[in-house]
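Q: coords-v5.cif (mmCIF, C-alpha atoms and all ligand atoms) pasted underneath:
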```cif
data_target
#
loop_
_atom_site.label_atom_id
_atom_site.label_comp_id
_atom_site.auth_asym_id
_atom_site.auth_seq_id
_atom_site.Cartn_x
_atom_site.Cartn_y
_atom_site.Cartn_z
CA MET A 1 -7.96 6.50 -12.00
CA ILE A 2 -5.07 7.41 -14.24
CA PHE A 3 -3.32 5.06 -16.56
CA ARG A 4 -0.32 5.24 -18.74
CA ARG A 5 1.04 2.44 -20.86
CA ARG A 6 4.51 1.55 -21.88
CA ALA A 7 5.39 -1.67 -23.60
CA THR A 8 8.78 -3.26 -24.06
CA VAL A 9 8.97 -6.20 -26.45
CA VAL A 10 10.67 -9.16 -24.77
CA ARG A 11 10.33 -11.45 -27.77
CA ARG A 12 7.78 -12.00 -30.49
CA GLY A 13 4.36 -12.35 -28.90
CA GLN A 14 5.67 -11.23 -25.51
CA CYS A 15 6.11 -7.80 -24.05
CA LEU A 16 6.44 -6.10 -20.71
CA ALA A 17 3.52 -3.77 -20.18
CA ASP A 18 2.22 -1.67 -17.36
CA LEU A 19 -1.05 -0.22 -16.26
CA GLU A 20 -1.83 2.20 -13.48
CA VAL A 21 -4.86 1.28 -11.41
CA GLU A 22 -5.97 3.63 -8.61
CA GLY A 23 -2.53 5.14 -8.27
CA GLU A 24 -0.64 1.88 -8.27
CA ARG A 25 1.40 0.68 -11.23
CA ILE A 26 1.02 -2.92 -12.24
CA VAL A 27 3.89 -4.25 -14.35
CA TYR A 28 3.11 -7.45 -16.17
CA LEU A 29 4.30 -9.79 -18.89
CA LEU A 30 1.83 -9.91 -21.77
CA LYS A 31 1.96 -13.10 -23.83
CA ARG A 32 -0.13 -13.20 -26.97
CA SER A 33 -0.81 -16.41 -28.82
CA SER A 34 -2.93 -17.27 -31.85
CA ALA A 35 -3.83 -20.56 -30.14
CA ARG A 36 -5.56 -18.79 -27.24
CA ARG A 37 -9.25 -17.95 -27.17
CA SER A 38 -9.56 -16.31 -23.75
CA LEU A 39 -7.68 -14.15 -21.24
CA SER A 40 -5.90 -15.50 -18.20
CA LEU A 41 -3.96 -13.86 -15.39
CA ARG A 42 -1.50 -15.47 -12.99
CA VAL A 43 1.69 -14.85 -11.06
CA ASN A 44 4.40 -16.82 -12.88
CA ALA A 45 7.36 -18.77 -11.47
CA GLU A 46 9.50 -15.61 -11.48
CA GLY A 47 6.96 -13.90 -9.24
CA MET A 48 5.71 -11.61 -11.99
CA ALA A 49 2.15 -10.94 -13.10
CA GLN A 50 1.51 -12.60 -16.46
CA VAL A 51 -1.42 -12.16 -18.81
CA ASN A 52 -2.03 -14.67 -21.59
CA ALA A 53 -4.18 -13.24 -24.36
CA PRO A 54 -5.45 -14.13 -27.82
CA TRP A 55 -3.19 -12.79 -30.58
CA SER A 56 -5.31 -9.90 -31.77
CA MET A 57 -7.32 -8.97 -28.67
CA ALA A 58 -7.63 -5.19 -28.20
CA GLN A 59 -5.42 -3.71 -25.47
CA THR A 60 -8.46 -1.93 -23.99
CA ARG A 61 -10.05 -5.32 -23.24
CA ILE A 62 -6.86 -6.52 -21.58
CA ASP A 63 -6.72 -3.31 -19.52
CA ALA A 64 -10.32 -3.73 -18.39
CA PHE A 65 -9.63 -7.36 -17.44
CA LEU A 66 -6.57 -6.35 -15.38
CA ARG A 67 -8.50 -3.57 -13.63
CA GLN A 68 -11.21 -6.00 -12.72
CA HIS A 69 -8.69 -8.38 -11.13
CA ALA A 70 -6.26 -5.78 -9.76
CA ALA A 71 -7.13 -6.32 -6.09
CA TRP A 72 -6.73 -10.07 -6.39
CA LEU A 73 -3.41 -9.63 -8.20
CA ARG A 74 -2.01 -7.22 -5.60
CA GLY A 75 -2.87 -9.69 -2.87
CA GLN A 76 -1.07 -12.48 -4.74
CA LEU A 77 2.01 -10.32 -5.30
CA ALA A 78 2.05 -9.07 -1.70
CA ARG A 79 2.09 -12.64 -0.41
CA ARG A 80 5.26 -13.31 -2.37
CA ARG A 81 7.00 -10.12 -1.32
CA VAL A 82 10.17 -10.67 0.65
CA GLY A 83 10.10 -8.91 4.01
CA PRO A 84 13.03 -7.60 6.06
CA VAL A 85 15.46 -10.06 7.59
CA TRP A 86 14.41 -10.14 11.23
CA GLN A 87 17.70 -9.70 13.05
CA ASP A 88 19.73 -7.32 15.14
CA GLY A 89 20.72 -4.13 13.30
CA VAL A 90 18.09 -4.13 10.56
CA LEU A 91 16.75 -0.69 9.56
CA LEU A 92 12.99 -0.26 9.57
CA PRO A 93 10.87 2.64 8.27
CA PHE A 94 8.99 4.60 10.92
CA LEU A 95 7.24 7.98 10.68
CA GLY A 96 9.07 8.95 7.50
CA GLY A 97 12.52 8.09 8.87
CA GLU A 98 14.37 4.96 9.87
CA ILE A 99 14.83 3.21 13.18
CA GLN A 100 17.33 0.48 13.93
CA LEU A 101 16.32 -2.76 15.53
CA GLU A 102 18.40 -3.79 18.53
CA TRP A 103 17.69 -7.32 19.59
CA HIS A 104 18.48 -8.80 22.98
CA PRO A 105 17.25 -12.42 22.93
CA ILE A 106 15.68 -12.98 26.33
CA LEU A 107 13.81 -16.10 27.36
CA HIS A 108 10.04 -15.37 27.40
CA GLY A 109 10.82 -11.69 26.66
CA LYS A 110 8.18 -9.62 24.85
CA SER A 111 9.34 -6.06 25.46
CA VAL A 112 9.71 -3.64 22.52
CA ALA A 113 10.47 0.03 23.18
CA LEU A 114 11.76 2.92 21.12
CA ASP A 115 14.78 4.72 22.55
CA GLY A 116 15.71 7.58 20.25
CA ARG A 117 16.20 5.86 16.92
CA ARG A 118 16.85 2.43 18.45
CA LEU A 119 14.03 -0.04 18.67
CA VAL A 120 15.12 -2.05 21.68
CA CYS A 121 13.62 -5.53 21.57
CA GLU A 122 14.01 -7.82 24.55
CA VAL A 123 12.29 -10.68 22.87
CA ALA A 124 12.58 -14.46 22.93
CA GLU A 125 14.16 -16.35 20.07
CA GLY A 126 11.60 -16.85 17.29
CA GLY A 127 9.24 -14.12 18.50
CA LEU A 128 10.91 -11.04 17.05
CA GLU A 129 8.73 -10.45 13.98
CA THR A 130 5.47 -10.89 15.90
CA ALA A 131 6.61 -8.59 18.70
CA VAL A 132 7.79 -5.83 16.33
CA ILE A 133 4.59 -5.93 14.27
CA HIS A 134 2.57 -5.77 17.48
CA TRP A 135 4.57 -2.69 18.50
CA TYR A 136 3.98 -1.06 15.08
CA ARG A 137 0.25 -1.65 15.30
CA SER A 138 0.02 -0.08 18.75
CA GLN A 139 2.05 2.91 17.52
CA ALA A 140 -0.26 3.18 14.52
CA ALA A 141 -3.36 3.17 16.74
CA ALA A 142 -2.02 6.11 18.75
CA CYS A 143 -0.42 8.01 15.90
CA LEU A 144 -3.27 7.71 13.40
CA ALA A 145 -5.78 8.70 16.10
CA ASP A 146 -3.67 11.76 16.79
CA ARG A 147 -3.43 12.71 13.09
CA MET A 148 -7.13 12.08 12.54
CA ALA A 149 -7.97 14.41 15.44
CA HIS A 150 -5.50 17.00 14.20
CA VAL A 151 -6.72 16.97 10.58
CA CYS A 152 -10.39 17.09 11.59
CA ALA A 153 -9.73 19.99 13.99
CA ARG A 154 -7.94 21.89 11.22
CA LEU A 155 -10.83 21.28 8.82
CA ASP A 156 -13.36 22.04 11.55
CA ARG A 157 -15.27 18.81 11.17
CA PRO A 158 -16.13 15.94 13.52
CA VAL A 159 -13.84 12.93 13.72
CA PRO A 160 -15.51 10.09 11.79
CA VAL A 161 -15.75 6.52 13.05
CA TRP A 162 -12.55 4.85 11.97
CA ARG A 163 -10.53 1.69 12.49
CA LEU A 164 -7.12 0.25 11.74
CA SER A 165 -6.92 -2.07 8.78
CA ASN A 166 -4.46 -4.76 7.81
CA ALA A 167 -5.05 -4.55 4.05
CA TYR A 168 -2.24 -5.37 1.67
CA THR A 169 -3.81 -3.56 -1.23
CA ARG A 170 -4.76 -0.10 0.03
CA TRP A 171 -3.81 2.65 2.47
CA GLY A 172 -7.32 3.59 3.37
CA SER A 173 -10.94 3.11 2.47
CA LEU A 174 -14.40 4.33 3.33
CA SER A 175 -17.13 1.74 3.88
CA ALA A 176 -20.71 2.12 2.69
CA LYS A 177 -21.66 2.76 6.33
CA GLY A 178 -19.19 5.64 6.53
CA VAL A 179 -16.42 3.95 8.53
CA VAL A 180 -12.91 5.01 7.57
CA SER A 181 -10.24 2.29 7.52
CA LEU A 182 -6.59 3.26 7.75
CA ASN A 183 -3.79 0.80 7.12
CA TRP A 184 -1.56 0.45 10.22
CA ARG A 185 1.47 0.37 7.88
CA LEU A 186 0.92 4.09 7.24
CA VAL A 187 2.79 4.68 10.51
CA LYS A 188 5.94 3.86 8.53
CA GLY A 189 5.31 6.97 6.43
CA SER A 190 5.68 10.63 7.30
CA VAL A 191 2.99 12.68 9.04
CA GLU A 192 2.33 14.38 5.68
CA GLU A 193 1.71 11.07 3.94
CA ILE A 194 -0.64 10.03 6.76
CA ASP A 195 -2.51 13.35 6.63
CA TYR A 196 -2.96 13.03 2.87
CA VAL A 197 -4.50 9.55 3.19
CA ILE A 198 -6.84 10.80 5.93
CA CYS A 199 -7.92 13.72 3.71
CA HIS A 200 -8.35 11.34 0.76
CA GLU A 201 -10.78 9.24 2.79
CA LEU A 202 -12.57 12.31 4.18
CA ALA A 203 -13.05 13.52 0.60
CA HIS A 204 -14.80 10.22 -0.16
CA PHE A 205 -17.63 11.28 2.16
CA ARG A 206 -18.60 13.72 -0.57
CA ARG A 207 -17.50 11.77 -3.64
CA ARG A 208 -17.24 8.00 -3.64
CA ASP A 209 -15.43 7.78 -6.98
CA HIS A 210 -11.98 8.93 -8.12
CA SER A 211 -13.29 11.47 -10.63
CA ALA A 212 -11.79 14.89 -11.33
CA ALA A 213 -14.40 16.33 -8.94
CA PHE A 214 -13.15 13.99 -6.23
CA TRP A 215 -9.55 15.13 -6.68
CA ARG A 216 -10.68 18.77 -6.45
CA GLU A 217 -12.26 17.82 -3.14
CA VAL A 218 -8.96 16.27 -1.99
CA ALA A 219 -7.05 19.38 -3.11
CA ALA A 220 -9.36 21.55 -1.01
CA LEU A 221 -8.58 19.44 2.07
CA TYR A 222 -4.91 18.80 1.34
CA PRO A 223 -3.45 21.16 -1.31
CA ASP A 224 -0.12 19.34 -1.70
CA TYR A 225 -1.79 15.97 -2.21
CA GLN A 226 0.05 15.19 -5.45
CA THR A 227 3.46 15.20 -3.77
CA MET A 228 2.22 12.84 -1.09
CA ARG A 229 0.53 10.55 -3.56
CA GLN A 230 3.78 10.32 -5.47
CA ARG A 231 5.76 9.68 -2.30
CA LEU A 232 3.42 6.86 -1.28
CA ARG A 233 3.73 5.41 -4.74
CA LEU A 234 7.53 5.40 -4.48
CA GLN A 235 7.74 4.22 -0.87
CA GLY A 236 4.68 1.98 -0.89
CA ALA A 237 6.48 -1.28 -1.64
CA ARG A 238 8.86 -0.64 1.26
CA TYR A 239 6.01 0.10 3.68
CA LEU A 240 4.30 -3.11 2.61
CA GLU A 241 7.35 -5.31 3.25
CA PHE A 242 5.87 -6.31 6.60
ZN ZN G 1 -9.93 6.65 -2.83
#
```
As structure tokens, please, write out the structure in this file.
A:
Amino acid sequence: MIFRRRATVVRRGQCLADLEVEGERIVYLLKRSSARRSLSLRVNAEGMAQVNAPWSMAQTRIDAFLRQHAAWLRGQLARRRVGPVWQDGVLLPFLGGEIQLEWHPILHGKSVALDGRRLVCEVAEGGLETAVIHWYRSQAAACLADRMAHVCARLDRPVPVWRLSNAYTRWGSLSAKGVVSLNWRLVKGSVEEIDYVICHELAHFRRRDHSAAFWREVAALYPDYQTMRQRLRLQGARYLEF
């Protein structure tokens, strides 16, 4: 876990602050007031995370509070995120590049197929989003299985039990029982980004935390991990649009 703080004063008692939690930056509005006795966190009317805090509370306590509620907050923010406009011609991320949706409204149609860079959808009115997401998930199942096999073969280790996840807050995770979960939305990223996330989860078999020792483990499995982490950080919001 790395964190860096930058604060911009909006007006007296209010500032924009940010905190990095497990590789993801949380930007929030911090409102301090001498009338307050406790901390609160919410998503305000503008769709921004807002922390209300007592006037002189130490920043370290506010940071700890935010870390504790980071998963909840990400879920709240993700729910408000605006997705792509589901219509003919829209560009969608896929395997590190972009594909263009081509929609032919057809009564009872459910067919979605990739033809070069065109995603040809012969889909009934009102069913486009569901059909495209279904297509992405089936692509993810095949593609992530392929990358998992490839990475494990390269590292000369058995393929672990794994499953697709639909999380809005993380790319991958490793359960206490040793089951790897990979977010189907990773199929929007490049093969390198996918391989990094796989290696990240494989490294968790040896270290469950995100300590320096853990990152050395990741580096041994995927030397260029920092570039991919950065890329996921920059592209993440786009991959999470739907
Ligand atoms: Zn991790």
Q: Quick one: residues within 10 Å of region 9-26 of chain A, only C-alpha atoms, excluding same-chain residues fewer than 2 positions away - as a PyMOL selection string?
A: chain A and resi 1-7+28-34+48-53+55+63+66-68+70-71+73-74+169-170+210+229-230+232-234+236
Q: I need the residue nearest ligand ZN 1 (chain G) from this list: A:Arg163, A:Arg238, A:His200, A:Arg207. Use only C-alpha atoms and all ligand atoms for the distance.
A: A:His200
Q: Which residues sit within 8 Å of ligand ZN 1 (chain G), counting only C-alpha atoms and all ligand atoms, listed as a PyMOL selection string?
A: chain A and resi 22+172-174+200-201+204+208-210
Q: So what do you get for CA of Glu122 (chain A) versus CA of Arg147 (chain A), distance-wise?
A: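 Calculated distance between CA of Glu122 (chain A) and CA of Arg147 (chain A) is 29.3 Å.
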Q: For Trp86 (chain A), work out the shell of residues within 12 Å, counting only C-alpha atoms and skipping chain neighbours fewer than 6 positions away, then give it as a PyMOL selection string.
A: chain A and resi 92+100-103+121+123+125-133+241-242
Q: Choose the residue, out of A:Pro223, A:Gly178, A:Gly116, A:Pro105, that has the smallest atom-to-atom separation from Asp195 (chain A); count all atoms listed in the file.
A: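 Among the listed residues, A:Pro223 lies closest to Asp195 (chain A).
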Q: Mind pulling up the distance from CA of His104 (chain A) to CA of Val90 (chain A)?
A: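 CA of Val90 (chain A) sits 13.3 Å away from CA of His104 (chain A).
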Q: Please export region 158-177 of chain A as a PDB file, in the first residue's frame, restricted to N, CA and C atoms.
A:
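For reference, out_33.pdb as written:
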```
ATOM      1  N   PRO A 158       1.681 -25.288 -11.645  1.00  0.00           N
ATOM      2  CA  PRO A 158       0.336 -25.732 -12.027  1.00  0.00           C
ATOM      3  C   PRO A 158      -0.654 -24.570 -12.076  1.00  0.00           C
ATOM      4  N   VAL A 159      -1.659 -24.704 -12.921  1.00  0.00           N
ATOM      5  CA  VAL A 159      -2.700 -23.681 -13.011  1.00  0.00           C
ATOM      6  C   VAL A 159      -3.577 -23.793 -11.764  1.00  0.00           C
ATOM      7  N   PRO A 160      -3.729 -22.706 -11.005  1.00  0.00           N
ATOM      8  CA  PRO A 160      -4.556 -22.783  -9.794  1.00  0.00           C
ATOM      9  C   PRO A 160      -6.048 -22.812 -10.152  1.00  0.00           C
ATOM     10  N   VAL A 161      -6.871 -23.156  -9.171  1.00  0.00           N
ATOM     11  CA  VAL A 161      -8.316 -23.045  -9.370  1.00  0.00           C
ATOM     12  C   VAL A 161      -8.625 -21.561  -9.483  1.00  0.00           C
ATOM     13  N   TRP A 162      -9.375 -21.197 -10.480  1.00  0.00           N
ATOM     14  CA  TRP A 162      -9.703 -19.774 -10.624  1.00  0.00           C
ATOM     15  C   TRP A 162     -11.100 -19.612 -11.185  1.00  0.00           C
ATOM     16  N   ARG A 163     -11.630 -18.401 -11.043  1.00  0.00           N
ATOM     17  CA  ARG A 163     -12.974 -18.106 -11.547  1.00  0.00           C
ATOM     18  C   ARG A 163     -13.042 -16.653 -12.003  1.00  0.00           C
ATOM     19  N   LEU A 164     -14.065 -16.367 -12.791  1.00  0.00           N
ATOM     20  CA  LEU A 164     -14.279 -14.984 -13.226  1.00  0.00           C
ATOM     21  C   LEU A 164     -15.016 -14.258 -12.116  1.00  0.00           C
ATOM     22  N   SER A 165     -14.659 -12.998 -11.902  1.00  0.00           N
ATOM     23  CA  SER A 165     -15.409 -12.220 -10.921  1.00  0.00           C
ATOM     24  C   SER A 165     -16.056 -11.022 -11.598  1.00  0.00           C
ATOM     25  N   ASN A 166     -17.010 -10.452 -10.903  1.00  0.00           N
ATOM     26  CA  ASN A 166     -17.738  -9.292 -11.406  1.00  0.00           C
ATOM     27  C   ASN A 166     -17.560  -8.121 -10.440  1.00  0.00           C
ATOM     28  N   ALA A 167     -16.410  -8.083  -9.770  1.00  0.00           N
ATOM     29  CA  ALA A 167     -16.182  -7.052  -8.753  1.00  0.00           C
ATOM     30  C   ALA A 167     -16.043  -5.677  -9.393  1.00  0.00           C
ATOM     31  N   TYR A 168     -16.481  -4.664  -8.665  1.00  0.00           N
ATOM     32  CA  TYR A 168     -16.289  -3.302  -9.166  1.00  0.00           C
ATOM     33  C   TYR A 168     -15.085  -2.655  -8.518  1.00  0.00           C
ATOM     34  N   THR A 169     -14.500  -3.334  -7.545  1.00  0.00           N
ATOM     35  CA  THR A 169     -13.463  -2.681  -6.756  1.00  0.00           C
ATOM     36  C   THR A 169     -12.072  -3.258  -6.988  1.00  0.00           C
ATOM     37  N   ARG A 170     -11.959  -4.405  -7.635  1.00  0.00           N
ATOM     38  CA  ARG A 170     -10.624  -4.979  -7.793  1.00  0.00           C
ATOM     39  C   ARG A 170     -10.499  -5.820  -9.058  1.00  0.00           C
ATOM     40  N   TRP A 171      -9.255  -5.928  -9.533  1.00  0.00           N
ATOM     41  CA  TRP A 171      -8.982  -6.702 -10.758  1.00  0.00           C
ATOM     42  C   TRP A 171      -8.855  -8.186 -10.467  1.00  0.00           C
ATOM     43  N   GLY A 172      -8.354  -8.482  -9.286  1.00  0.00           N
ATOM     44  CA  GLY A 172      -8.193  -9.885  -8.953  1.00  0.00           C
ATOM     45  C   GLY A 172      -8.112 -10.044  -7.457  1.00  0.00           C
ATOM     46  N   SER A 173      -8.259 -11.277  -6.999  1.00  0.00           N
ATOM     47  CA  SER A 173      -8.077 -11.541  -5.574  1.00  0.00           C
ATOM     48  C   SER A 173      -7.784 -13.025  -5.385  1.00  0.00           C
ATOM     49  N   LEU A 174      -7.301 -13.339  -4.204  1.00  0.00           N
ATOM     50  CA  LEU A 174      -7.016 -14.729  -3.869  1.00  0.00           C
ATOM     51  C   LEU A 174      -7.756 -15.042  -2.573  1.00  0.00           C
ATOM     52  N   SER A 175      -8.640 -16.036  -2.628  1.00  0.00           N
ATOM     53  CA  SER A 175      -9.438 -16.353  -1.439  1.00  0.00           C
ATOM     54  C   SER A 175      -8.601 -17.130  -0.434  1.00  0.00           C
ATOM     55  N   ALA A 176      -9.120 -17.227   0.782  1.00  0.00           N
ATOM     56  CA  ALA A 176      -8.429 -17.969   1.837  1.00  0.00           C
ATOM     57  C   ALA A 176      -8.240 -19.431   1.429  1.00  0.00           C
ATOM     58  N   LYS A 177      -9.148 -19.939   0.602  1.00  0.00           N
ATOM     59  CA  LYS A 177      -9.052 -21.337   0.164  1.00  0.00           C
ATOM     60  C   LYS A 177      -8.139 -21.503  -1.061  1.00  0.00           C
TER      61      LYS A 177
END
```
